[in-house]
Amino acid sequence: MTTDREAETLDPLVGTWDVLQLRRGHRGSTDDRLTAWRAIAQRPEARTYLDLGAGVGTVGLTALWHLPHAHLTAVEAQEVSHGLFRRTVEHNGLQERVTAVHADIRDPALFAEGTRFDLVTGSPPYIPVGSGTMSPHPQKAHCRLEIRGGLEVYCEAARRWMAPDGRFVFVMLAADERTERFPVEAGLRIVERTDVTFRDDQGRFIAVCVCAHQEVDVPRVDRHLQVRGPDGEWTSAYTEVVHGLRDFPPERRPDR
C-alpha cells in the first residue's frame, strides 16, 4: 500500500500491524525476520525488551507481537528511521507498549543507572567502512556500513543493559571472525548460533547468535537453516519460521 507521501509505503508486518518504510530506502529483510525468530524463542516471557539500532522497527515489532508481556524500548540514531518508527507506532496504536528513543547506542548514559532488559536484539551493519560501496542514500549507507561502529558497539551496549539472566540476539556474517570474537571481548558468550544458507549455490552466509553474560553456564547449541532449496522455493523449515512469525489473520495474509 502506498501512503500519501510518495516516497513511503505502508506494508503489512506482523499480525494486524503495519510498518512505514521508504520505498527506495532500507527495508525489512530476512536478517530482521530471523533475529526476531530467535529472540522470541529465547525469552517468550520477557517483560523488558530493548532493540538496538531499531531502524524502522521491523525486528522489534515483529518480536513484540509474540511477546505479550513485554514493553519495547527501541533506540535509533538516524532521524529518518526514527521518524518513520514513531509514526508506525502511532499508526498501530502502540504508544502504551513502545518507547521510541532517538539516540546513539554508544552513549553509556542513555538510560538511568540500574536499567536492565530481559531481552536485547540488534541487526548491526556488518561491512567495515572502506570495504564496501557507500550508498548515496544515507539510510541505506548507515544500515550496511559500520559508520557508527558495528557488532562491537552492539555487544558493549547489550552487556551494559542486559539483565543478569537476559539474552542478546544479533545477526552477523557467518564467515566473519568478529562474529565469535566481539561478544567475548565485550564480556558475553554465544549460547546459540544458527548459520543460514540462502540458496543451494551459497555457503553459510549469515549467523543469528544468542548471547548471555560470560558467567552464565549453559551448553551451546549450533544449528543450520536453509532458506531456499534446489528448486528456488522456500524450504519447509523456513516456511515454518515465516508462517509462525507473521501470524496474519486470513483477510490480511500477503501472497508471500
# chains A, B, ... in the order shown; residues from 1 in each chain; ligands from 1
call {"tool": "residues_around", "arguments": {"residues": "range 68-80 of chain A", "least_positions_apart": "6", "cutoff": "7 Å", "atoms": "only C-alpha atoms", "output": "PDB file with N, CA and C atoms, in the first residue's frame"}}
result
ATOM      1  N   GLU A  45       8.804 -14.940  27.712  1.00  0.00           N
ATOM      2  CA  GLU A  45       8.176 -14.339  28.889  1.00  0.00           C
ATOM      3  C   GLU A  45       8.718 -12.943  29.185  1.00  0.00           C
ATOM      4  N   ALA A  46       9.556 -12.391  28.315  1.00  0.00           N
ATOM      5  CA  ALA A  46      10.214 -11.103  28.560  1.00  0.00           C
ATOM      6  C   ALA A  46       9.211  -9.998  28.880  1.00  0.00           C
ATOM      7  N   ARG A  47       9.596  -9.173  29.815  1.00  0.00           N
ATOM      8  CA  ARG A  47       8.775  -8.003  30.158  1.00  0.00           C
ATOM      9  C   ARG A  47       9.454  -6.703  29.733  1.00  0.00           C
ATOM     10  N   THR A  48      10.757  -6.695  29.706  1.00  0.00           N
ATOM     11  CA  THR A  48      11.500  -5.517  29.268  1.00  0.00           C
ATOM     12  C   THR A  48      12.351  -5.914  28.076  1.00  0.00           C
ATOM     13  N   TYR A  49      12.194  -5.206  26.971  1.00  0.00           N
ATOM     14  CA  TYR A  49      12.810  -5.592  25.710  1.00  0.00           C
ATOM     15  C   TYR A  49      13.445  -4.360  25.063  1.00  0.00           C
ATOM     16  N   LEU A  50      14.722  -4.472  24.729  1.00  0.00           N
ATOM     17  CA  LEU A  50      15.485  -3.380  24.128  1.00  0.00           C
ATOM     18  C   LEU A  50      15.927  -3.771  22.731  1.00  0.00           C
ATOM     19  N   ASP A  51      15.589  -2.948  21.738  1.00  0.00           N
ATOM     20  CA  ASP A  51      16.054  -3.168  20.370  1.00  0.00           C
ATOM     21  C   ASP A  51      17.054  -2.079  20.033  1.00  0.00           C
ATOM     22  N   LEU A  52      18.300  -2.486  19.759  1.00  0.00           N
ATOM     23  CA  LEU A  52      19.397  -1.569  19.481  1.00  0.00           C
ATOM     24  C   LEU A  52      19.469  -1.282  17.987  1.00  0.00           C
ATOM     25  N   GLY A  53      19.652   0.002  17.643  1.00  0.00           N
ATOM     26  CA  GLY A  53      19.687   0.355  16.226  1.00  0.00           C
ATOM     27  C   GLY A  53      18.425  -0.106  15.537  1.00  0.00           C
ATOM     28  N   ALA A  54      17.283   0.301  16.074  1.00  0.00           N
ATOM     29  CA  ALA A  54      15.985  -0.285  15.731  1.00  0.00           C
ATOM     30  C   ALA A  54      15.529  -0.023  14.310  1.00  0.00           C
ATOM     31  N   GLY A  55      16.127   0.953  13.626  1.00  0.00           N
ATOM     32  CA  GLY A  55      15.691   1.265  12.271  1.00  0.00           C
ATOM     33  C   GLY A  55      14.229   1.668  12.254  1.00  0.00           C
ATOM     34  N   ARG A  97       2.839   0.408  24.621  1.00  0.00           N
ATOM     35  CA  ARG A  97       3.739  -0.746  24.661  1.00  0.00           C
ATOM     36  C   ARG A  97       5.132  -0.451  24.121  1.00  0.00           C
ATOM     37  N   VAL A  98       5.326   0.738  23.552  1.00  0.00           N
ATOM     38  CA  VAL A  98       6.594   1.033  22.882  1.00  0.00           C
ATOM     39  C   VAL A  98       7.107   2.402  23.291  1.00  0.00           C
ATOM     40  N   THR A  99       8.410   2.464  23.598  1.00  0.00           N
ATOM     41  CA  THR A  99       9.106   3.731  23.808  1.00  0.00           C
ATOM     42  C   THR A  99      10.144   3.885  22.715  1.00  0.00           C
ATOM     43  N   ALA A 100      10.019   4.938  21.909  1.00  0.00           N
ATOM     44  CA  ALA A 100      10.960   5.199  20.820  1.00  0.00           C
ATOM     45  C   ALA A 100      11.978   6.233  21.292  1.00  0.00           C
ATOM     46  N   VAL A 101      13.258   5.882  21.226  1.00  0.00           N
ATOM     47  CA  VAL A 101      14.328   6.748  21.722  1.00  0.00           C
ATOM     48  C   VAL A 101      15.227   7.143  20.557  1.00  0.00           C
ATOM     49  N   HIS A 102      15.351   8.434  20.308  1.00  0.00           N
ATOM     50  CA  HIS A 102      16.228   8.942  19.246  1.00  0.00           C
ATOM     51  C   HIS A 102      17.583   9.238  19.869  1.00  0.00           C
ATOM     52  N   ALA A 103      18.517   8.302  19.749  1.00  0.00           N
ATOM     53  CA  ALA A 103      19.810   8.432  20.419  1.00  0.00           C
ATOM     54  C   ALA A 103      20.809   7.457  19.813  1.00  0.00           C
ATOM     55  N   ASP A 104      22.063   7.611  20.221  1.00  0.00           N
ATOM     56  CA  ASP A 104      23.151   6.750  19.779  1.00  0.00           C
ATOM     57  C   ASP A 104      23.400   5.694  20.852  1.00  0.00           C
ATOM     58  N   ILE A 105      23.422   4.414  20.466  1.00  0.00           N
ATOM     59  CA  ILE A 105      23.578   3.348  21.455  1.00  0.00           C
ATOM     60  C   ILE A 105      24.957   3.348  22.104  1.00  0.00           C
TER      61      ILE A 105
END
call {"tool": "residues_around", "arguments": {"residues": "Pro44 in chain A", "least_positions_apart": "4", "cutoff": "12 Å", "atoms": "only C-alpha atoms", "output": "MDAnalysis selection string"}}
result
chainID A and resid 36:40 48:49 63:70 118:119 166:167
call {"tool": "select_by_dssp", "arguments": {"residues": "range 10-255 of chain A", "states": "strand (DSSP E)", "output": "PyMOL selection string"}}
result
chain A and resi 10-14+17-22+48-52+71-76+98-102+117-122+162-173+188-197+206-213+221-226
call {"tool": "residues_around", "arguments": {"residues": "range 223-226 of chain A", "least_positions_apart": "2", "cutoff": "12 Å", "atoms": "only C-alpha atoms", "output": "ChimeraX atom specification"}}
result
/A:30,34,38,174,191-210,220-221,228-230,232-241
call {"tool": "write_last_selection", "arguments": {"atoms": "N, CA and C atoms", "output": "CSV table (one decimal), in the first residue's frame"}}
result
chain,number,residue,atom,x,y,z
A,30,THR,N,15.3,-10.5,5.5
A,30,THR,CA,15.3,-11.8,6.1
A,30,THR,C,16.1,-11.8,7.4
A,34,LEU,N,14.7,-13.3,11.0
A,34,LEU,CA,15.4,-14.4,11.7
A,34,LEU,C,15.9,-13.9,13.1
A,38,ARG,N,14.6,-15.9,16.7
A,38,ARG,CA,15.4,-16.5,17.8
A,38,ARG,C,15.1,-15.7,19.1
A,174,ALA,N,28.3,-14.9,8.7
A,174,ALA,CA,28.8,-16.2,9.2
A,174,ALA,C,30.3,-16.4,9.2
A,191,VAL,N,25.6,-18.6,23.2
A,191,VAL,CA,25.0,-19.8,23.8
A,191,VAL,C,24.2,-20.6,22.7
A,192,GLU,N,23.9,-19.8,21.6
A,192,GLU,CA,23.2,-20.5,20.4
A,192,GLU,C,23.6,-19.8,19.2
A,193,ARG,N,23.9,-20.5,18.1
A,193,ARG,CA,24.2,-19.9,16.8
A,193,ARG,C,23.5,-20.7,15.7
A,194,THR,N,22.8,-20.0,14.9
A,194,THR,CA,22.1,-20.5,13.7
A,194,THR,C,22.7,-20.0,12.5
A,195,ASP,N,23.5,-20.8,11.7
A,195,ASP,CA,24.0,-20.4,10.4
A,195,ASP,C,23.0,-20.5,9.3
A,196,VAL,N,22.9,-19.6,8.5
A,196,VAL,CA,21.8,-19.5,7.5
A,196,VAL,C,22.4,-19.5,6.1
A,197,THR,N,21.9,-20.5,5.2
A,197,THR,CA,22.2,-20.5,3.8
A,197,THR,C,21.0,-20.0,3.1
A,198,PHE,N,21.2,-19.1,2.2
A,198,PHE,CA,20.0,-18.5,1.4
A,198,PHE,C,19.7,-19.4,0.2
A,199,ARG,N,20.7,-19.9,-0.5
A,199,ARG,CA,20.4,-20.7,-1.7
A,199,ARG,C,21.4,-21.8,-1.7
A,200,ASP,N,21.1,-22.8,-2.6
A,200,ASP,CA,22.0,-24.0,-2.7
A,200,ASP,C,23.4,-23.7,-3.1
A,201,ASP,N,23.5,-22.6,-4.0
A,201,ASP,CA,24.8,-22.3,-4.5
A,201,ASP,C,25.6,-21.4,-3.6
A,202,GLN,N,25.1,-21.1,-2.4
A,202,GLN,CA,25.8,-20.3,-1.5
A,202,GLN,C,26.3,-21.1,-0.3
A,203,GLY,N,27.3,-20.6,0.4
A,203,GLY,CA,27.6,-21.2,1.7
A,203,GLY,C,26.8,-20.6,2.8
A,204,ARG,N,27.2,-20.8,4.0
A,204,ARG,CA,26.5,-20.2,5.1
A,204,ARG,C,26.8,-18.8,5.1
A,205,PHE,N,25.8,-17.9,5.0
A,205,PHE,CA,26.0,-16.5,4.7
A,205,PHE,C,25.9,-15.7,5.9
A,206,ILE,N,24.8,-15.8,6.7
A,206,ILE,CA,24.7,-15.1,8.0
A,206,ILE,C,24.6,-16.0,9.1
A,207,ALA,N,24.8,-15.5,10.3
A,207,ALA,CA,24.7,-16.2,11.5
A,207,ALA,C,23.8,-15.4,12.5
A,208,VAL,N,22.8,-16.1,13.1
A,208,VAL,CA,22.0,-15.4,14.1
A,208,VAL,C,22.4,-16.0,15.4
A,209,CYS,N,23.0,-15.2,16.3
A,209,CYS,CA,23.6,-15.6,17.5
A,209,CYS,C,22.8,-15.1,18.7
A,210,VAL,N,22.8,-16.0,19.8
A,210,VAL,CA,22.2,-15.6,21.1
A,210,VAL,C,23.3,-15.6,22.1
A,220,ARG,N,26.1,-24.7,24.8
A,220,ARG,CA,25.9,-24.0,23.5
A,220,ARG,C,25.2,-24.9,22.5
A,221,VAL,N,24.3,-24.3,21.7
A,221,VAL,CA,23.6,-25.0,20.6
A,221,VAL,C,24.0,-24.4,19.3
A,228,ARG,N,16.2,-21.3,0.8
A,228,ARG,CA,15.6,-21.8,-0.4
A,228,ARG,C,16.3,-23.1,-0.8
A,229,GLY,N,15.5,-24.1,-1.4
A,229,GLY,CA,16.1,-25.4,-1.8
A,229,GLY,C,16.5,-25.3,-3.2
A,230,PRO,N,16.9,-26.5,-3.8
A,230,PRO,CA,17.4,-26.5,-5.2
A,230,PRO,C,16.3,-26.0,-6.2
A,232,GLY,N,14.5,-23.4,-5.8
A,232,GLY,CA,14.4,-22.0,-5.6
A,232,GLY,C,13.3,-21.5,-4.7
A,233,GLU,N,12.5,-22.5,-4.2
A,233,GLU,CA,11.4,-22.2,-3.3
A,233,GLU,C,11.8,-22.3,-1.9
A,234,TRP,N,11.0,-21.7,-1.0
A,234,TRP,CA,11.4,-21.7,0.4
A,234,TRP,C,11.4,-23.2,0.9
A,235,THR,N,12.3,-23.5,1.7
A,235,THR,CA,12.3,-24.8,2.3
A,235,THR,C,11.2,-25.0,3.3
A,236,SER,N,10.8,-26.2,3.7
A,236,SER,CA,9.8,-26.4,4.7
A,236,SER,C,10.2,-25.8,6.0
A,237,ALA,N,11.4,-25.8,6.3
A,237,ALA,CA,11.9,-25.3,7.6
A,237,ALA,C,11.7,-23.8,7.7
A,238,TYR,N,12.1,-23.1,6.6
A,238,TYR,CA,12.0,-21.6,6.5
A,238,TYR,C,10.5,-21.2,6.4
A,239,THR,N,9.7,-22.0,5.7
A,239,THR,CA,8.3,-21.7,5.6
A,239,THR,C,7.7,-21.7,7.0
A,240,GLU,N,8.1,-22.7,7.8
A,240,GLU,CA,7.5,-22.8,9.1
A,240,GLU,C,7.9,-21.6,10.0
A,241,VAL,N,9.1,-21.1,9.8
A,241,VAL,CA,9.6,-19.9,10.5
A,241,VAL,C,8.7,-18.7,10.1
call {"tool": "residues_around", "arguments": {"residues": "Arg246 in chain A", "least_positions_apart": "3", "cutoff": "9 Å", "atoms": "only C-alpha atoms", "output": "list in words"}}
result
Leu13, Val14, Gly15, Thr62, Trp65, Val241, Val242, His243 and Arg253 of chain A
call {"tool": "write_last_selection", "arguments": {"atoms": "C-alpha atoms", "output": "tab-separated table (two decimals), in the first residue's frame"}}
result
chain	number	residue	atom	x	y	z
A	13	LEU	CA	4.48	-6.52	9.03
A	14	VAL	CA	3.01	-8.95	11.53
A	15	GLY	CA	-0.48	-9.76	12.74
A	62	THR	CA	7.88	-8.50	14.86
A	65	TRP	CA	3.77	-9.16	18.58
A	241	VAL	CA	9.58	-19.91	10.53
A	242	VAL	CA	7.82	-17.33	8.35
A	243	HIS	CA	4.31	-18.59	8.99
A	253	ARG	CA	-2.36	-12.55	4.51
call {"tool": "atom_distance", "arguments": {"atom1": "CA of Val171 in chain A", "atom2": "CA of Pro183 in chain A"}}
result
12.0 Å
call {"tool": "residues_around", "arguments": {"residues": "range 22-28 of chain A", "least_positions_apart": "6", "cutoff": "6 Å", "atoms": "only C-alpha atoms", "output": "number ranges by chain"}}
result
A: 7-9, 58, 140
call {"tool": "atom_distance", "arguments": {"atom1": "CA of Gly187 in chain A", "atom2": "CA of Ala175 in chain A"}}
result
21.4 Å
call {"tool": "atom_distance", "arguments": {"atom1": "CA of Thr16 in chain A", "atom2": "CA of Phe248 in chain A"}}
result
6.6 Å
call {"tool": "closest_residue", "arguments": {"among": "A:Val59, A:Met162, A:Leu151, A:Cys211", "to": "Pro124 in chain A", "atoms": "only C-alpha atoms"}}
result
A:Leu151
call {"tool": "select_by_dssp", "arguments": {"residues": "range 5-75 of chain A", "states": "alpha helix (DSSP H)", "output": "VMD selection string"}}
result
chain A and resid 30 to 42 58 to 65
call {"tool": "closest_residue", "arguments": {"among": "A:Leu173, A:Arg106, A:Leu94, A:Gln214", "to": "Arg189 in chain A", "atoms": "only C-alpha atoms"}}
result
A:Gln214
call {"tool": "residues_around", "arguments": {"residues": "Asp18 in chain A", "least_positions_apart": "4", "cutoff": "8 Å", "atoms": "only C-alpha atoms", "output": "list in words"}}
result
Leu10, Asp11, Pro12, Leu13, Val14, Thr88, His91 and Asn92 of chain A
call {"tool": "write_last_selection", "arguments": {"atoms": "N, CA and C atoms", "output": "mmCIF file, in the first residue's frame"}}
result
data_model
loop_
_atom_site.group_PDB
_atom_site.id
_atom_site.type_symbol
_atom_site.label_atom_id
_atom_site.label_comp_id
_atom_site.auth_asym_id
_atom_site.auth_seq_id
_atom_site.Cartn_x
_atom_site.Cartn_y
_atom_site.Cartn_z
ATOM 1 N N LEU A 10 3.323 1.731 3.170
ATOM 2 C CA LEU A 10 2.796 1.184 4.412
ATOM 3 C C LEU A 10 2.546 -0.295 4.156
ATOM 4 N N ASP A 11 3.342 -1.146 4.798
ATOM 5 C CA ASP A 11 3.350 -2.568 4.459
ATOM 6 C C ASP A 11 2.913 -3.425 5.648
ATOM 7 N N PRO A 12 2.164 -4.513 5.399
ATOM 8 C CA PRO A 12 1.863 -5.451 6.481
ATOM 9 C C PRO A 12 3.159 -6.011 7.060
ATOM 10 N N LEU A 13 3.270 -6.016 8.384
ATOM 11 C CA LEU A 13 4.479 -6.520 9.030
ATOM 12 C C LEU A 13 4.212 -7.824 9.761
ATOM 13 N N VAL A 14 3.298 -7.778 10.712
ATOM 14 C CA VAL A 14 3.006 -8.949 11.530
ATOM 15 C C VAL A 14 1.616 -8.783 12.125
ATOM 16 N N THR A 88 4.948 4.758 12.772
ATOM 17 C CA THR A 88 4.458 3.373 12.743
ATOM 18 C C THR A 88 3.821 3.007 14.072
ATOM 19 N N HIS A 91 0.496 4.746 14.216
ATOM 20 C CA HIS A 91 -0.449 4.135 13.275
ATOM 21 C C HIS A 91 -1.061 2.854 13.856
ATOM 22 N N ASN A 92 -0.231 2.079 14.553
ATOM 23 C CA ASN A 92 -0.695 0.809 15.114
ATOM 24 C C ASN A 92 -1.255 0.939 16.531
#
call {"tool": "closest_residue", "arguments": {"among": "A:Phe168, A:Phe85, A:Phe182, A:Phe117", "to": "Gly150 in chain A", "atoms": "only C-alpha atoms"}}
result
A:Phe182
